[in-house]
Amino acid sequence: MAKILVVDDEPDITASLKNGLQRKGFEVDTYNDPTDALSNFKPDAYDLLLIDIRMPKMNGFEVYYDEFKKMFPNLEVKCFIRKPITINDLVLHINTELDK
Amino acid sequence: MELEKYLIPQNEARSEFTNIASHEMKTSIQAILTYSELLQNKDDEFRESYIKAILRNALRLKVLSNNLGDLTKIDEKILKLKKERFDLNLLVSSIAKDFENMVMYHDNKQEIKVRVISPMHIFVEADKERLEQIIFNLLDNAVKFTDKGTILIKLEESSDKNWTEITVTDTGPGIEDRIIPNLFNKFVTSSHHGTGLGLYICKSIIEAHDGKIWARNNADKNGASITCRIPTNQGLVNKNYTKFLNSESVS
C-alpha cells in the first residue's frame, strides 16, 4: 500500500483528501503547517508527497527547495497538479507517478 | 512620472488581489468537490460533517462573490443606501445569536460567545441590510483570530443623541502595528484566509452613511477593537416622528 504525505494549510482540503485517498487504498498522513511536516518527517516513510504551493508560513517551493531537497537530494518534483481536482483524477496522477 | 508611481503599486496590489481571490475560489471549490465525492458513499459515518464542510465552503464562495459585487459598486460609485429607522439593539442581538450558532455549527468553535452591551433601545436611521453586513463582517473578522472567548459588541449613543457607535472587541492576538494605518485600505489583510476586501467594504458603507470607522489594539494587549460611528440623523427621525404624530391626530 503506497503511503502519501499531504501538506496543505486548509484543514478542509487535508481532511477531505485524506478520507478520499484512504478510500482508494492509500495510507495518508496530513499536516496543515509545513513546519510540523518537516519536523516530523522520516526518510523513506512516504512514496509520494503532495505539497500545496500557496501557504502562509512557507510556500510549497520553499518547503521543497529549502528543506526537503537539502535533506534528501534525490527527491524529485514529479508534476504540478492544478486545483480543483476530483479524487479520481488525483488518483490517476498519483498512480501514473508511482508507476514510473 | 507621478502617475507611474501611483499606478504601479495599485497594479501590483490588484494583481496580488486577483491571485488571492483565485486561491480563495479554488480552495472552496476543491473542498466542495472532494466532500461531494465522499458524500456519494451512503454508508459513510461522517456524512453529516461533509455536508457541514460543503455548506461552510459554499458560504465562503457566497461572501467572496458578494464582496466582488460590492467592490464594483464602490469603485464605480453606485453604492446606494436604503435608509430606514430601526432599533439597532434588536438587530445586533439577533445577529449575535445567529453568528454564535453559525460559528458553533460550521466552524466547530464551541467556545466562542458573542455578548451585546447596549441600551434597551437605540434607534438609528440607516441602511439595515448594510449595517447587518458590516456587523457580520466585523464578527467574522474577530472570529478568524479567536478560537475561544467572548466577542463583545458594544452599542453607545452620544449624550446629545447625534451619533451612535458600534464597537466589536475580540480577545485574539491584536493587529500588527504596521497594518493598522492601512487596515481599511483595499486588498489589505493580516489573515491568510480572506481577500482584504471586507474591511474596505465596511469603511465604504460607513462613509456612505457620513460615518467613520477605526481600529485599535486593546490596552491590556488582549485583542483588538473596531469601532464604527454613524450619525443618528436625529433631525430626520424627529421629522418622521412629527409626520407620524400628525397622521395620528388626523385619524
# chains A, B, ... in the order shown; residues from 1 in each chain; ligands from 1
call {"tool": "residues_around", "arguments": {"residues": "stretch 32-34 of chain B", "least_positions_apart": "6", "cutoff": "9 Å", "atoms": "only C-alpha atoms", "output": "list of chain:residue names"}}
result
A:Ile13, A:Ser16, A:Leu17, A:Gly20, A:Pro84, A:Ile85, A:Thr86, A:Ile87, B:Tyr50, B:Ala53, B:Ile54, B:Leu55, B:Asn57, B:Ala58
call {"tool": "residues_around", "arguments": {"residues": "stretch 76-84 of chain B", "least_positions_apart": "4", "cutoff": "12 Å", "atoms": "only C-alpha atoms", "output": "PDB file with all heavy atoms, in the first residue's frame"}}
result
ATOM      1  N   GLY B  69     -18.957  41.901  -5.931  1.00  0.00           N
ATOM      2  CA  GLY B  69     -20.052  42.746  -6.431  1.00  0.00           C
ATOM      3  C   GLY B  69     -20.018  44.117  -5.771  1.00  0.00           C
ATOM      4  O   GLY B  69     -20.151  45.151  -6.439  1.00  0.00           O
ATOM      5  N   ASP B  70     -19.799  44.143  -4.441  1.00  0.00           N
ATOM      6  CA  ASP B  70     -19.749  45.417  -3.715  1.00  0.00           C
ATOM      7  C   ASP B  70     -18.556  46.255  -4.145  1.00  0.00           C
ATOM      8  O   ASP B  70     -18.657  47.476  -4.252  1.00  0.00           O
ATOM      9  CB  ASP B  70     -19.669  45.160  -2.192  1.00  0.00           C
ATOM     10  CG  ASP B  70     -21.011  44.731  -1.634  1.00  0.00           C
ATOM     11  OD1 ASP B  70     -22.028  44.900  -2.332  1.00  0.00           O
ATOM     12  OD2 ASP B  70     -21.044  44.208  -0.502  1.00  0.00           O
ATOM     13  N   LEU B  71     -17.430  45.574  -4.382  1.00  0.00           N
ATOM     14  CA  LEU B  71     -16.218  46.289  -4.798  1.00  0.00           C
ATOM     15  C   LEU B  71     -16.489  47.084  -6.087  1.00  0.00           C
ATOM     16  O   LEU B  71     -16.126  48.251  -6.207  1.00  0.00           O
ATOM     17  CB  LEU B  71     -15.081  45.287  -5.027  1.00  0.00           C
ATOM     18  CG  LEU B  71     -13.745  45.873  -5.477  1.00  0.00           C
ATOM     19  CD1 LEU B  71     -13.135  46.723  -4.382  1.00  0.00           C
ATOM     20  CD2 LEU B  71     -12.763  44.769  -5.862  1.00  0.00           C
ATOM     21  N   THR B  72     -17.187  46.434  -7.024  1.00  0.00           N
ATOM     22  CA  THR B  72     -17.507  47.103  -8.284  1.00  0.00           C
ATOM     23  C   THR B  72     -18.397  48.322  -8.013  1.00  0.00           C
ATOM     24  O   THR B  72     -18.158  49.409  -8.551  1.00  0.00           O
ATOM     25  CB  THR B  72     -18.250  46.118  -9.222  1.00  0.00           C
ATOM     26  OG1 THR B  72     -17.502  44.920  -9.249  1.00  0.00           O
ATOM     27  CG2 THR B  72     -18.419  46.663 -10.609  1.00  0.00           C
ATOM     28  N   LEU B  88     -31.348  49.420  16.689  1.00  0.00           N
ATOM     29  CA  LEU B  88     -30.060  48.768  16.447  1.00  0.00           C
ATOM     30  C   LEU B  88     -29.819  47.627  17.439  1.00  0.00           C
ATOM     31  O   LEU B  88     -29.233  46.611  17.087  1.00  0.00           O
ATOM     32  CB  LEU B  88     -28.946  49.823  16.560  1.00  0.00           C
ATOM     33  CG  LEU B  88     -27.551  49.416  16.132  1.00  0.00           C
ATOM     34  CD1 LEU B  88     -27.502  49.011  14.675  1.00  0.00           C
ATOM     35  CD2 LEU B  88     -26.558  50.543  16.378  1.00  0.00           C
ATOM     36  N   PHE B 123     -32.212  53.774  18.548  1.00  0.00           N
ATOM     37  CA  PHE B 123     -32.744  53.919  17.195  1.00  0.00           C
ATOM     38  C   PHE B 123     -31.765  54.655  16.286  1.00  0.00           C
ATOM     39  O   PHE B 123     -31.134  55.624  16.709  1.00  0.00           O
ATOM     40  CB  PHE B 123     -34.081  54.665  17.233  1.00  0.00           C
ATOM     41  CG  PHE B 123     -35.187  53.784  17.747  1.00  0.00           C
ATOM     42  CD1 PHE B 123     -35.540  53.815  19.091  1.00  0.00           C
ATOM     43  CD2 PHE B 123     -35.835  52.895  16.900  1.00  0.00           C
ATOM     44  CE1 PHE B 123     -36.538  52.977  19.578  1.00  0.00           C
ATOM     45  CE2 PHE B 123     -36.827  52.057  17.380  1.00  0.00           C
ATOM     46  CZ  PHE B 123     -37.180  52.099  18.726  1.00  0.00           C
ATOM     47  N   VAL B 124     -31.628  54.131  15.086  1.00  0.00           N
ATOM     48  CA  VAL B 124     -30.783  54.809  14.090  1.00  0.00           C
ATOM     49  C   VAL B 124     -31.544  54.891  12.772  1.00  0.00           C
ATOM     50  O   VAL B 124     -32.494  54.132  12.538  1.00  0.00           O
ATOM     51  CB  VAL B 124     -29.447  54.060  13.827  1.00  0.00           C
ATOM     52  CG1 VAL B 124     -28.534  54.122  15.026  1.00  0.00           C
ATOM     53  CG2 VAL B 124     -29.677  52.617  13.408  1.00  0.00           C
ATOM     54  N   GLU B 125     -31.100  55.808  11.939  1.00  0.00           N
ATOM     55  CA  GLU B 125     -31.650  55.945  10.588  1.00  0.00           C
ATOM     56  C   GLU B 125     -30.525  55.510   9.652  1.00  0.00           C
ATOM     57  O   GLU B 125     -29.555  56.243   9.472  1.00  0.00           O
ATOM     58  CB  GLU B 125     -32.023  57.421  10.361  1.00  0.00           C
ATOM     59  CG  GLU B 125     -32.600  57.715   9.013  1.00  0.00           C
ATOM     60  CD  GLU B 125     -34.120  57.692   9.028  1.00  0.00           C
ATOM     61  OE1 GLU B 125     -34.715  57.640  10.112  1.00  0.00           O
ATOM     62  OE2 GLU B 125     -34.696  57.715   7.938  1.00  0.00           O
ATOM     63  N   ALA B 126     -30.629  54.285   9.138  1.00  0.00           N
ATOM     64  CA  ALA B 126     -29.504  53.755   8.351  1.00  0.00           C
ATOM     65  C   ALA B 126     -30.007  52.646   7.433  1.00  0.00           C
ATOM     66  O   ALA B 126     -31.180  52.252   7.495  1.00  0.00           O
ATOM     67  CB  ALA B 126     -28.438  53.199   9.293  1.00  0.00           C
ATOM     68  N   ASP B 127     -29.105  52.143   6.591  1.00  0.00           N
ATOM     69  CA  ASP B 127     -29.449  51.009   5.729  1.00  0.00           C
ATOM     70  C   ASP B 127     -29.273  49.734   6.576  1.00  0.00           C
ATOM     71  O   ASP B 127     -28.146  49.321   6.882  1.00  0.00           O
ATOM     72  CB  ASP B 127     -28.515  50.984   4.508  1.00  0.00           C
ATOM     73  CG  ASP B 127     -28.917  49.929   3.494  1.00  0.00           C
ATOM     74  OD1 ASP B 127     -29.301  48.815   3.920  1.00  0.00           O
ATOM     75  OD2 ASP B 127     -28.838  50.210   2.279  1.00  0.00           O
ATOM     76  N   LYS B 128     -30.411  49.120   6.931  1.00  0.00           N
ATOM     77  CA  LYS B 128     -30.392  47.992   7.873  1.00  0.00           C
ATOM     78  C   LYS B 128     -29.573  46.811   7.335  1.00  0.00           C
ATOM     79  O   LYS B 128     -28.756  46.227   8.041  1.00  0.00           O
ATOM     80  CB  LYS B 128     -31.840  47.560   8.122  1.00  0.00           C
ATOM     81  CG  LYS B 128     -32.038  46.708   9.329  1.00  0.00           C
ATOM     82  CD  LYS B 128     -33.541  46.511   9.532  1.00  0.00           C
ATOM     83  CE  LYS B 128     -33.826  45.537  10.644  1.00  0.00           C
ATOM     84  NZ  LYS B 128     -35.259  45.338  10.813  1.00  0.00           N
ATOM     85  N   GLU B 129     -29.804  46.471   6.057  1.00  0.00           N
ATOM     86  CA  GLU B 129     -29.092  45.319   5.472  1.00  0.00           C
ATOM     87  C   GLU B 129     -27.590  45.558   5.431  1.00  0.00           C
ATOM     88  O   GLU B 129     -26.785  44.657   5.682  1.00  0.00           O
ATOM     89  CB  GLU B 129     -29.579  45.066   4.052  1.00  0.00           C
ATOM     90  CG  GLU B 129     -30.721  44.080   4.001  1.00  0.00           C
ATOM     91  CD  GLU B 129     -31.164  43.805   2.578  1.00  0.00           C
ATOM     92  OE1 GLU B 129     -30.303  43.670   1.696  1.00  0.00           O
ATOM     93  OE2 GLU B 129     -32.392  43.752   2.368  1.00  0.00           O
ATOM     94  N   ARG B 130     -27.218  46.791   5.110  1.00  0.00           N
ATOM     95  CA  ARG B 130     -25.788  47.121   5.020  1.00  0.00           C
ATOM     96  C   ARG B 130     -25.145  47.122   6.410  1.00  0.00           C
ATOM     97  O   ARG B 130     -24.007  46.674   6.563  1.00  0.00           O
ATOM     98  CB  ARG B 130     -25.587  48.477   4.344  1.00  0.00           C
ATOM     99  CG  ARG B 130     -25.885  48.455   2.849  1.00  0.00           C
ATOM    100  CD  ARG B 130     -24.910  47.564   2.126  1.00  0.00           C
ATOM    101  NE  ARG B 130     -25.071  47.588   0.686  1.00  0.00           N
ATOM    102  CZ  ARG B 130     -24.370  46.836  -0.149  1.00  0.00           C
ATOM    103  NH1 ARG B 130     -23.478  45.979   0.321  1.00  0.00           N
ATOM    104  NH2 ARG B 130     -24.561  46.887  -1.437  1.00  0.00           N
ATOM    105  N   LEU B 131     -25.887  47.600   7.435  1.00  0.00           N
ATOM    106  CA  LEU B 131     -25.319  47.559   8.791  1.00  0.00           C
ATOM    107  C   LEU B 131     -25.167  46.110   9.247  1.00  0.00           C
ATOM    108  O   LEU B 131     -24.196  45.743   9.888  1.00  0.00           O
ATOM    109  CB  LEU B 131     -26.200  48.327   9.779  1.00  0.00           C
ATOM    110  CG  LEU B 131     -25.967  49.832   9.904  1.00  0.00           C
ATOM    111  CD1 LEU B 131     -26.546  50.347  11.220  1.00  0.00           C
ATOM    112  CD2 LEU B 131     -24.498  50.209   9.835  1.00  0.00           C
ATOM    113  N   ILE B 201     -14.829  47.344   2.396  1.00  0.00           N
ATOM    114  CA  ILE B 201     -16.257  47.482   2.109  1.00  0.00           C
ATOM    115  C   ILE B 201     -16.979  48.097   3.319  1.00  0.00           C
ATOM    116  O   ILE B 201     -17.815  48.990   3.177  1.00  0.00           O
ATOM    117  CB  ILE B 201     -16.860  46.116   1.689  1.00  0.00           C
ATOM    118  CG1 ILE B 201     -16.313  45.721   0.313  1.00  0.00           C
ATOM    119  CG2 ILE B 201     -18.389  46.147   1.673  1.00  0.00           C
ATOM    120  CD1 ILE B 201     -16.595  44.294  -0.101  1.00  0.00           C
ATOM    121  N   SER B 204     -16.329  51.755   3.347  1.00  0.00           N
ATOM    122  CA  SER B 204     -17.057  52.455   2.291  1.00  0.00           C
ATOM    123  C   SER B 204     -18.527  52.622   2.664  1.00  0.00           C
ATOM    124  O   SER B 204     -19.125  53.678   2.404  1.00  0.00           O
ATOM    125  CB  SER B 204     -16.939  51.687   0.967  1.00  0.00           C
ATOM    126  OG  SER B 204     -15.593  51.507   0.644  1.00  0.00           O
ATOM    127  N   ILE B 205     -19.119  51.587   3.265  1.00  0.00           N
ATOM    128  CA  ILE B 205     -20.541  51.676   3.647  1.00  0.00           C
ATOM    129  C   ILE B 205     -20.717  52.691   4.788  1.00  0.00           C
ATOM    130  O   ILE B 205     -21.638  53.505   4.767  1.00  0.00           O
ATOM    131  CB  ILE B 205     -21.090  50.284   4.066  1.00  0.00           C
ATOM    132  CG1 ILE B 205     -21.053  49.321   2.869  1.00  0.00           C
ATOM    133  CG2 ILE B 205     -22.511  50.410   4.607  1.00  0.00           C
ATOM    134  CD1 ILE B 205     -21.383  47.882   3.233  1.00  0.00           C
ATOM    135  N   ILE B 206     -19.807  52.640   5.760  1.00  0.00           N
ATOM    136  CA  ILE B 206     -19.901  53.588   6.888  1.00  0.00           C
ATOM    137  C   ILE B 206     -19.716  55.023   6.370  1.00  0.00           C
ATOM    138  O   ILE B 206     -20.450  55.934   6.769  1.00  0.00           O
ATOM    139  CB  ILE B 206     -18.839  53.245   7.975  1.00  0.00           C
ATOM    140  CG1 ILE B 206     -19.220  51.943   8.686  1.00  0.00           C
ATOM    141  CG2 ILE B 206     -18.671  54.373   8.977  1.00  0.00           C
ATOM    142  CD1 ILE B 206     -20.476  52.001   9.536  1.00  0.00           C
ATOM    143  N   GLU B 207     -18.785  55.223   5.468  1.00  0.00           N
ATOM    144  CA  GLU B 207     -18.571  56.575   4.923  1.00  0.00           C
ATOM    145  C   GLU B 207     -19.772  57.036   4.104  1.00  0.00           C
ATOM    146  O   GLU B 207     -20.097  58.216   4.080  1.00  0.00           O
ATOM    147  CB  GLU B 207     -17.279  56.628   4.101  1.00  0.00           C
ATOM    148  CG  GLU B 207     -16.056  56.629   5.023  1.00  0.00           C
ATOM    149  CD  GLU B 207     -14.725  56.610   4.295  1.00  0.00           C
ATOM    150  OE1 GLU B 207     -14.714  56.408   3.058  1.00  0.00           O
ATOM    151  OE2 GLU B 207     -13.689  56.774   4.975  1.00  0.00           O
ATOM    152  N   ALA B 208     -20.439  56.092   3.439  1.00  0.00           N
ATOM    153  CA  ALA B 208     -21.661  56.451   2.703  1.00  0.00           C
ATOM    154  C   ALA B 208     -22.757  56.919   3.668  1.00  0.00           C
ATOM    155  O   ALA B 208     -23.660  57.660   3.274  1.00  0.00           O
ATOM    156  CB  ALA B 208     -22.144  55.253   1.890  1.00  0.00           C
ATOM    157  N   HIS B 209     -22.657  56.500   4.940  1.00  0.00           N
ATOM    158  CA  HIS B 209     -23.589  56.972   5.974  1.00  0.00           C
ATOM    159  C   HIS B 209     -23.073  58.247   6.652  1.00  0.00           C
ATOM    160  O   HIS B 209     -23.595  58.648   7.694  1.00  0.00           O
ATOM    161  CB  HIS B 209     -23.758  55.897   7.074  1.00  0.00           C
ATOM    162  CG  HIS B 209     -24.680  54.779   6.725  1.00  0.00           C
ATOM    163  ND1 HIS B 209     -24.265  53.658   6.055  1.00  0.00           N
ATOM    164  CD2 HIS B 209     -26.007  54.593   6.966  1.00  0.00           C
ATOM    165  CE1 HIS B 209     -25.298  52.823   5.902  1.00  0.00           C
ATOM    166  NE2 HIS B 209     -26.357  53.372   6.441  1.00  0.00           N
ATOM    167  N   ASP B 210     -22.013  58.862   6.094  1.00  0.00           N
ATOM    168  CA  ASP B 210     -21.340  60.017   6.706  1.00  0.00           C
ATOM    169  C   ASP B 210     -20.724  59.669   8.047  1.00  0.00           C
ATOM    170  O   ASP B 210     -20.650  60.520   8.955  1.00  0.00           O
ATOM    171  CB  ASP B 210     -22.297  61.217   6.868  1.00  0.00           C
ATOM    172  CG  ASP B 210     -22.782  61.713   5.528  1.00  0.00           C
ATOM    173  OD1 ASP B 210     -21.962  61.760   4.595  1.00  0.00           O
ATOM    174  OD2 ASP B 210     -23.994  61.988   5.409  1.00  0.00           O
ATOM    175  N   THR B 232     -26.793  59.644  14.034  1.00  0.00           N
ATOM    176  CA  THR B 232     -28.098  59.049  14.329  1.00  0.00           C
ATOM    177  C   THR B 232     -29.193  59.669  13.454  1.00  0.00           C
ATOM    178  O   THR B 232     -30.288  59.134  13.349  1.00  0.00           O
ATOM    179  CB  THR B 232     -28.420  59.247  15.821  1.00  0.00           C
ATOM    180  OG1 THR B 232     -27.261  58.853  16.556  1.00  0.00           O
ATOM    181  CG2 THR B 232     -29.562  58.403  16.283  1.00  0.00           C
ATOM    182  N   ASN B 233     -28.883  60.805  12.814  1.00  0.00           N
ATOM    183  CA  ASN B 233     -29.867  61.503  11.984  1.00  0.00           C
ATOM    184  C   ASN B 233     -31.125  61.848  12.760  1.00  0.00           C
ATOM    185  O   ASN B 233     -32.237  61.545  12.339  1.00  0.00           O
ATOM    186  CB  ASN B 233     -30.224  60.685  10.731  1.00  0.00           C
ATOM    187  CG  ASN B 233     -29.090  60.680   9.730  1.00  0.00           C
ATOM    188  OD1 ASN B 233     -28.077  61.353   9.939  1.00  0.00           O
ATOM    189  ND2 ASN B 233     -29.247  59.924   8.668  1.00  0.00           N
ATOM    190  N   LEU B 236     -33.887  63.803  10.959  1.00  0.00           N
ATOM    191  CA  LEU B 236     -34.774  63.020  10.104  1.00  0.00           C
ATOM    192  C   LEU B 236     -35.774  62.228  10.942  1.00  0.00           C
ATOM    193  O   LEU B 236     -36.964  62.165  10.627  1.00  0.00           O
ATOM    194  CB  LEU B 236     -33.945  62.010   9.304  1.00  0.00           C
ATOM    195  CG  LEU B 236     -33.392  62.483   7.977  1.00  0.00           C
ATOM    196  CD1 LEU B 236     -32.489  61.408   7.396  1.00  0.00           C
ATOM    197  CD2 LEU B 236     -34.547  62.755   7.025  1.00  0.00           C
ATOM    198  N   VAL B 237     -35.231  61.651  12.027  1.00  0.00           N
ATOM    199  CA  VAL B 237     -36.088  60.833  12.877  1.00  0.00           C
ATOM    200  C   VAL B 237     -37.208  61.690  13.453  1.00  0.00           C
ATOM    201  O   VAL B 237     -38.379  61.332  13.414  1.00  0.00           O
ATOM    202  CB  VAL B 237     -35.253  60.185  14.017  1.00  0.00           C
ATOM    203  CG1 VAL B 237     -36.158  59.519  15.025  1.00  0.00           C
ATOM    204  CG2 VAL B 237     -34.288  59.173  13.444  1.00  0.00           C
ATOM    205  N   ASN B 240     -39.798  62.518  10.795  1.00  0.00           N
ATOM    206  CA  ASN B 240     -40.705  61.393  10.542  1.00  0.00           C
ATOM    207  C   ASN B 240     -41.660  61.190  11.707  1.00  0.00           C
ATOM    208  O   ASN B 240     -42.825  60.868  11.531  1.00  0.00           O
ATOM    209  CB  ASN B 240     -39.908  60.098  10.337  1.00  0.00           C
ATOM    210  CG  ASN B 240     -39.207  60.118   9.001  1.00  0.00           C
ATOM    211  OD1 ASN B 240     -39.563  60.928   8.153  1.00  0.00           O
ATOM    212  ND2 ASN B 240     -38.209  59.264   8.839  1.00  0.00           N
TER     213      ASN B 240
END
call {"tool": "closest_atom_pairs", "arguments": {"of": "chain B", "to": "chain A", "cutoff": "8 Å", "atoms": "only C-alpha atoms", "output": "Markdown table"}}
result
| residue | atom | partner | partner_atom | distance |
| --- | --- | --- | --- | --- |
| B:Lys26 | CA | A:Pro84 | CA | 5.7 |
| B:Thr27 | CA | A:Pro84 | CA | 7.3 |
| B:Ile29 | CA | A:Pro84 | CA | 6.3 |
| B:Gln30 | CA | A:Pro84 | CA | 4.5 |
| B:Ala31 | CA | A:Ile13 | CA | 5.6 |
| B:Leu33 | CA | A:Thr86 | CA | 6.5 |
| B:Thr34 | CA | A:Ser16 | CA | 6.0 |
| B:Tyr35 | CA | A:Ser16 | CA | 6.0 |
| B:Glu37 | CA | A:Ile87 | CA | 7.6 |
| B:Leu38 | CA | A:Gly20 | CA | 6.5 |
| B:Ala53 | CA | A:Asp12 | CA | 7.0 |
| B:His192 | CA | A:Pro56 | CA | 6.1 |
call {"tool": "residues_around", "arguments": {"residues": "B:Tyr105", "least_positions_apart": "5", "cutoff": "12 Å", "atoms": "only C-alpha atoms", "output": "ChimeraX atom specification"}}
result
/B:48-49,51-53,55-56,98-100,110-112
call {"tool": "residues_around", "arguments": {"residues": "stretch 29-38 of chain A", "least_positions_apart": "3", "cutoff": "12 Å", "atoms": "only C-alpha atoms", "output": "short mmCIF file (atom, residue, chain, number, x, y, z; two decimals) with N, CA and C atoms, in the first residue's frame"}}
result
data_model
loop_
_atom_site.label_atom_id
_atom_site.label_comp_id
_atom_site.auth_asym_id
_atom_site.auth_seq_id
_atom_site.Cartn_x
_atom_site.Cartn_y
_atom_site.Cartn_z
N ALA A 2 0.68 2.14 -0.98
CA ALA A 2 1.53 3.34 -1.06
C ALA A 2 1.18 4.32 0.04
N LYS A 3 2.21 4.97 0.55
CA LYS A 3 1.98 5.94 1.63
C LYS A 3 2.25 7.36 1.13
N ILE A 4 1.29 8.25 1.40
CA ILE A 4 1.36 9.61 0.85
C ILE A 4 1.34 10.63 1.98
N LEU A 5 2.15 11.66 1.83
CA LEU A 5 2.11 12.78 2.78
C LEU A 5 1.46 13.98 2.10
N VAL A 6 0.42 14.54 2.72
CA VAL A 6 -0.26 15.72 2.16
C VAL A 6 0.02 16.92 3.06
N VAL A 7 0.53 18.02 2.48
CA VAL A 7 0.75 19.25 3.26
C VAL A 7 -0.06 20.36 2.60
N ASP A 8 -1.06 20.87 3.31
CA ASP A 8 -1.90 21.97 2.80
C ASP A 8 -2.42 22.73 4.02
N ASP A 9 -2.40 24.06 3.95
CA ASP A 9 -2.79 24.83 5.13
C ASP A 9 -4.29 24.80 5.40
N GLU A 10 -5.09 24.33 4.45
CA GLU A 10 -6.54 24.34 4.63
C GLU A 10 -7.01 23.02 5.24
N PRO A 11 -7.54 23.05 6.47
CA PRO A 11 -7.99 21.80 7.11
C PRO A 11 -9.05 21.06 6.29
N ASP A 12 -9.94 21.80 5.59
CA ASP A 12 -10.96 21.12 4.78
C ASP A 12 -10.33 20.33 3.64
N ILE A 13 -9.24 20.85 3.10
CA ILE A 13 -8.57 20.16 1.98
C ILE A 13 -7.86 18.90 2.49
N THR A 14 -7.08 19.05 3.58
CA THR A 14 -6.34 17.88 4.06
C THR A 14 -7.31 16.79 4.54
N ALA A 15 -8.37 17.22 5.26
CA ALA A 15 -9.31 16.21 5.80
C ALA A 15 -10.01 15.47 4.68
N SER A 16 -10.47 16.21 3.65
CA SER A 16 -11.21 15.54 2.58
C SER A 16 -10.29 14.69 1.71
N LEU A 17 -9.07 15.18 1.45
CA LEU A 17 -8.15 14.38 0.63
C LEU A 17 -7.73 13.11 1.38
N LYS A 18 -7.51 13.25 2.69
CA LYS A 18 -7.11 12.08 3.47
C LYS A 18 -8.18 11.00 3.36
N ASN A 19 -9.43 11.42 3.61
CA ASN A 19 -10.53 10.48 3.56
C ASN A 19 -10.70 9.86 2.16
N LEU A 21 -8.49 9.66 -0.33
CA LEU A 21 -7.38 8.81 -0.76
C LEU A 21 -7.34 7.50 0.03
N GLN A 22 -7.72 7.57 1.30
CA GLN A 22 -7.78 6.32 2.10
C GLN A 22 -8.79 5.35 1.49
N PHE A 26 -4.95 4.19 -0.22
CA PHE A 26 -3.65 4.73 0.16
C PHE A 26 -3.59 4.95 1.67
N PHE A 41 9.09 14.66 9.75
CA PHE A 41 9.35 13.87 8.54
C PHE A 41 10.40 12.78 8.78
N LYS A 42 10.08 11.58 8.34
CA LYS A 42 11.05 10.47 8.47
C LYS A 42 11.43 10.01 7.05
N PRO A 43 12.75 9.85 6.83
CA PRO A 43 13.17 9.41 5.49
C PRO A 43 12.57 8.04 5.15
N ALA A 45 9.71 7.16 4.64
CA ALA A 45 8.39 6.84 5.20
C ALA A 45 7.29 6.96 4.15
N TYR A 46 7.55 7.74 3.09
CA TYR A 46 6.48 8.01 2.11
C TYR A 46 6.92 7.66 0.69
N ASP A 47 5.93 7.26 -0.11
CA ASP A 47 6.20 7.01 -1.52
C ASP A 47 6.02 8.28 -2.34
N LEU A 48 5.19 9.21 -1.82
CA LEU A 48 4.89 10.42 -2.59
C LEU A 48 4.46 11.54 -1.65
N LEU A 49 4.89 12.76 -1.98
CA LEU A 49 4.47 13.93 -1.18
C LEU A 49 3.58 14.81 -2.04
N LEU A 50 2.46 15.26 -1.48
CA LEU A 50 1.59 16.22 -2.18
C LEU A 50 1.69 17.52 -1.40
N ILE A 51 2.33 18.53 -1.97
CA ILE A 51 2.57 19.77 -1.21
C ILE A 51 1.86 20.94 -1.89
N ASP A 52 1.04 21.64 -1.11
CA ASP A 52 0.36 22.83 -1.61
C ASP A 52 1.40 23.91 -1.88
N ILE A 53 1.14 24.79 -2.83
CA ILE A 53 2.12 25.84 -3.11
C ILE A 53 1.85 27.09 -2.27
N ARG A 54 0.60 27.57 -2.26
CA ARG A 54 0.32 28.83 -1.56
C ARG A 54 -0.05 28.54 -0.10
N MET A 55 0.92 28.72 0.78
CA MET A 55 0.69 28.52 2.22
C MET A 55 1.29 29.70 2.96
N PRO A 56 0.73 30.05 4.15
CA PRO A 56 1.16 31.29 4.81
C PRO A 56 2.58 31.28 5.38
N LYS A 57 2.98 30.21 6.10
CA LYS A 57 4.28 30.27 6.77
C LYS A 57 5.43 30.04 5.79
N MET A 58 5.28 29.01 4.96
CA MET A 58 6.28 28.69 3.93
C MET A 58 5.50 28.24 2.72
N ASN A 59 5.90 28.73 1.54
CA ASN A 59 5.16 28.22 0.38
C ASN A 59 5.75 26.87 -0.05
N GLY A 60 5.07 26.22 -0.96
CA GLY A 60 5.46 24.86 -1.36
C GLY A 60 6.86 24.79 -1.95
N PHE A 61 7.27 25.86 -2.67
CA PHE A 61 8.61 25.87 -3.25
C PHE A 61 9.67 25.92 -2.15
N GLU A 62 9.39 26.74 -1.13
CA GLU A 62 10.35 26.84 -0.01
C GLU A 62 10.43 25.50 0.73
N VAL A 63 9.28 24.87 0.91
CA VAL A 63 9.27 23.58 1.60
C VAL A 63 10.13 22.58 0.83
N TYR A 64 9.98 22.59 -0.50
CA TYR A 64 10.72 21.62 -1.31
C TYR A 64 12.19 22.00 -1.45
N ASP A 66 14.12 24.55 -0.10
CA ASP A 66 14.93 24.97 1.05
C ASP A 66 15.03 23.88 2.12
N GLU A 67 14.12 22.95 2.12
CA GLU A 67 14.12 21.97 3.21
C GLU A 67 14.28 20.54 2.69
N PHE A 68 13.23 20.02 2.05
CA PHE A 68 13.26 18.61 1.63
C PHE A 68 14.45 18.30 0.72
N LYS A 69 14.66 19.15 -0.28
CA LYS A 69 15.70 18.88 -1.29
C LYS A 69 17.10 18.90 -0.65
N LYS A 70 17.27 19.77 0.38
CA LYS A 70 18.58 19.82 1.05
C LYS A 70 18.82 18.57 1.88
N MET A 71 17.73 18.09 2.51
CA MET A 71 17.86 16.89 3.35
C MET A 71 17.97 15.63 2.50
N PHE A 72 17.22 15.64 1.40
CA PHE A 72 17.16 14.44 0.55
C PHE A 72 17.40 14.84 -0.91
#
call {"tool": "atom_distance", "arguments": {"atom1": "atom CA of B:Asp140", "atom2": "atom CA of B:Gly198"}}
result
9.5 Å
call {"tool": "residues_around", "arguments": {"residues": "B:Val188", "least_positions_apart": "3", "cutoff": "12 Å", "atoms": "only C-alpha atoms", "output": "ChimeraX atom specification"}}
result
/B:10,13-14,16-17,20,178-185,191-201
